[in-house]
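Notes follow the structure.
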Amino acid sequence: MLWLVLLLACAAAFAFALSAMLQQREAARIKDDHSLGTVHGFSGFLRTLVRRRVWVAGFLINNLGFLIQAAALHLGSVAVVQPVMVSQVLFALLLTGVGSRMHPTRRDWGYVLCICAGLIVLLSVSGAAPLSGAPDRDQAALVLIVMAACVVALVAVARARSGRTSSLLLAIAAGMCFAASAVLIKLTTADLFGPGVLHTALDWPGYCLAISTAGGLLIEQAAFAGGTLPWAVAAMSITNPVASYLAGIFGFHVTPPHTAGALAAVCVTAVLVGIGISGLAHSPLSRSETPRKAQVTPAGAQSRAAS
């Protein structure tokens, strides 16, 4: 079952990265196409996007990724699936070179190896990450309330700041929203495969899922608007798996890591994944695209992790 969960999580990560590449490149072409003089405003831009086959293909692939992620979360624990979803940065790195003169450097591959090594440590050490766990709805609800309060506080503080600090706080808030969405996906699929569709339609997790996903996407765009893309990418990409891991530990019926080996594995994983994501976020690949080309970065993939 573990291998199936890992395979599904990696497949979802690849789908999100591929979707990001297709949609972002098509959006960039539209913005750069001077023949599109009839496009006025954001609504006109969206109408043009939905008429492009490549963009629609990316949208469909994104939804397929969402379904695969939901299947992985249904079979496995949030504490395992979400950290593995960080592999989006690997797939985004590979796809960046497709149709581009830029290619990953040795340093980029070194950062990728850091991420892979961190995930291997987390999954190979017994007790470091719970492989499964049924939702504890009361505990999960409490965890979600705490996360929502943190998001509200971060956004409030970010509004009183400017520049890099504001962007960083908003990115952390967006990462928490996406982590909350993973927990809510787990609760929603438990409803679907348990009481059924009618109960799911009347229960609160599905509606909260829509709110957390939409909120995360909006906050993410506000973070990127701050102009500090690498820092925002790193903060959001690190916050999502960390918050998801903690939510998976405290919001589900699982045994938290308590042995010295398991705790050490969690710490080593956090350091390695943090170094890898921060390095890739500051890679020239993440900033090499001009406005005439699309940015295919870990950020693009990450924004779809819970969309």
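FYI, nothing fancy with the structure tokens labels: chains A, B, ... in order, residues from 1 per chain, ligands from 1 as they appear.
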Per residue of region 163-239 of chain A within 10 Å of region 127-145 of chain A, which atom pair is closest and at what distance in Å (one decimal), using only C-alpha atoms, listed by chain and increasing number, as a Markdown table?
```
| residue | atom | partner | partner_atom | distance |
| --- | --- | --- | --- | --- |
| A:Met176 | CA | A:Leu144 | CA | 9.7 |
| A:Cys177 | CA | A:Leu144 | CA | 9.5 |
| A:Ala179 | CA | A:Leu144 | CA | 9.5 |
| A:Ala180 | CA | A:Leu144 | CA | 6.4 |
| A:Ser181 | CA | A:Leu144 | CA | 9.4 |
| A:Val183 | CA | A:Ala140 | CA | 7.7 |
| A:Leu184 | CA | A:Leu144 | CA | 8.7 |
| A:Lys186 | CA | A:Pro135 | CA | 7.7 |
| A:Leu187 | CA | A:Pro135 | CA | 6.7 |
| A:Ala190 | CA | A:Pro135 | CA | 8.1 |
| A:Pro205 | CA | A:Ala141 | CA | 9.2 |
| A:Cys208 | CA | A:Leu144 | CA | 9.7 |
```
Per residue of region 73-184 of chain A within 10 Å of region 6-10 of chain A, note the shortest atom pair and the distance in Å to one decimal, counting only C-alpha atoms, and order the rows by chain and increasing residue number, as CSV.
```
residue,atom,partner,partner_atom,distance
A:Leu73,CA,A:Ala9,CA,8.3
A:Leu75,CA,A:Leu8,CA,9.6
A:Gly76,CA,A:Leu6,CA,8.7
A:Val80,CA,A:Leu6,CA,8.3
A:Val81,CA,A:Ala9,CA,6.0
A:Gln82,CA,A:Ala9,CA,7.9
A:Pro83,CA,A:Ala9,CA,9.3
A:Val84,CA,A:Ala9,CA,6.4
A:Met85,CA,A:Ala9,CA,5.9
A:Val86,CA,A:Cys10,CA,8.9
A:Ser87,CA,A:Cys10,CA,6.7
A:Gln88,CA,A:Cys10,CA,7.8
A:Phe91,CA,A:Cys10,CA,9.3
A:Leu123,CA,A:Leu6,CA,9.9
```
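Surrounding region 102-117 of chain A within 7 Å are Leu90, Leu93, Gly97, Ser100, Leu119, Ile120, Val121, Leu272, Val273, Ile275, Gly276, Gly279, Leu280, Ser283 and Leu285 of chain A, with only C-alpha atoms counted and residues fewer than 2 positions along the same chain left out.
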Go ahead and dump the residues you just picked, N, CA and C atoms, as a PDB file, in the first residue's frame.
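The resulting file, part01.pdb, is reproduced below:
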```
ATOM      1  N   LEU A  90      10.962  18.839  -8.519  1.00  0.00           N
ATOM      2  CA  LEU A  90      11.805  18.031  -9.397  1.00  0.00           C
ATOM      3  C   LEU A  90      11.212  18.001 -10.802  1.00  0.00           C
ATOM      4  N   LEU A  93      11.472  21.281 -12.522  1.00  0.00           N
ATOM      5  CA  LEU A  93      12.838  21.508 -12.983  1.00  0.00           C
ATOM      6  C   LEU A  93      13.087  20.790 -14.304  1.00  0.00           C
ATOM      7  N   GLY A  97      13.278  22.847 -18.856  1.00  0.00           N
ATOM      8  CA  GLY A  97      14.179  22.797 -19.997  1.00  0.00           C
ATOM      9  C   GLY A  97      13.503  22.416 -21.295  1.00  0.00           C
ATOM     10  N   SER A 100      13.196  25.220 -24.015  1.00  0.00           N
ATOM     11  CA  SER A 100      13.900  26.390 -23.497  1.00  0.00           C
ATOM     12  C   SER A 100      15.397  26.194 -23.658  1.00  0.00           C
ATOM     13  N   LEU A 119      13.290  13.074   1.710  1.00  0.00           N
ATOM     14  CA  LEU A 119      12.086  12.240   1.634  1.00  0.00           C
ATOM     15  C   LEU A 119      12.412  10.778   1.913  1.00  0.00           C
ATOM     16  N   ILE A 120      13.552  10.316   1.426  1.00  0.00           N
ATOM     17  CA  ILE A 120      13.958   8.928   1.675  1.00  0.00           C
ATOM     18  C   ILE A 120      14.156   8.693   3.167  1.00  0.00           C
ATOM     19  N   VAL A 121      14.792   9.653   3.828  1.00  0.00           N
ATOM     20  CA  VAL A 121      14.996   9.526   5.275  1.00  0.00           C
ATOM     21  C   VAL A 121      13.655   9.470   5.997  1.00  0.00           C
ATOM     22  N   LEU A 272      17.094  19.009   5.065  1.00  0.00           N
ATOM     23  CA  LEU A 272      17.427  18.689   3.678  1.00  0.00           C
ATOM     24  C   LEU A 272      16.397  19.247   2.703  1.00  0.00           C
ATOM     25  N   VAL A 273      15.113  19.059   3.015  1.00  0.00           N
ATOM     26  CA  VAL A 273      14.068  19.565   2.125  1.00  0.00           C
ATOM     27  C   VAL A 273      14.081  21.098   2.097  1.00  0.00           C
ATOM     28  N   ILE A 275      16.692  23.092   2.551  1.00  0.00           N
ATOM     29  CA  ILE A 275      17.836  23.515   1.735  1.00  0.00           C
ATOM     30  C   ILE A 275      17.523  23.342   0.250  1.00  0.00           C
ATOM     31  N   GLY A 276      16.939  22.192  -0.103  1.00  0.00           N
ATOM     32  CA  GLY A 276      16.645  21.921  -1.504  1.00  0.00           C
ATOM     33  C   GLY A 276      15.648  22.891  -2.098  1.00  0.00           C
ATOM     34  N   GLY A 279      17.123  26.438  -2.339  1.00  0.00           N
ATOM     35  CA  GLY A 279      18.087  26.525  -3.423  1.00  0.00           C
ATOM     36  C   GLY A 279      17.425  26.584  -4.781  1.00  0.00           C
ATOM     37  N   LEU A 280      16.426  25.737  -5.012  1.00  0.00           N
ATOM     38  CA  LEU A 280      15.739  25.739  -6.303  1.00  0.00           C
ATOM     39  C   LEU A 280      14.953  27.026  -6.509  1.00  0.00           C
ATOM     40  N   SER A 283      17.271  29.458  -7.840  1.00  0.00           N
ATOM     41  CA  SER A 283      17.972  29.046  -9.045  1.00  0.00           C
ATOM     42  C   SER A 283      17.688  30.016 -10.196  1.00  0.00           C
ATOM     43  N   LEU A 285      16.956  29.264 -13.022  1.00  0.00           N
ATOM     44  CA  LEU A 285      15.827  28.719 -13.787  1.00  0.00           C
ATOM     45  C   LEU A 285      14.513  29.334 -13.352  1.00  0.00           C
TER      46      LEU A 285
END
```
Apply DSSP to the backbone of this structure and, from region 129-215 of chain A, keep only the residues in alpha helix (DSSP H); write these as an NGL selection string. :A and (137-159 or 163-192 or 197-202 or 204-215)
In terms of only C-alpha atoms, the residue from A:Arg159, A:His199, A:Arg25, A:His258 at minimal distance from Arg52 (chain A) is A:Arg25
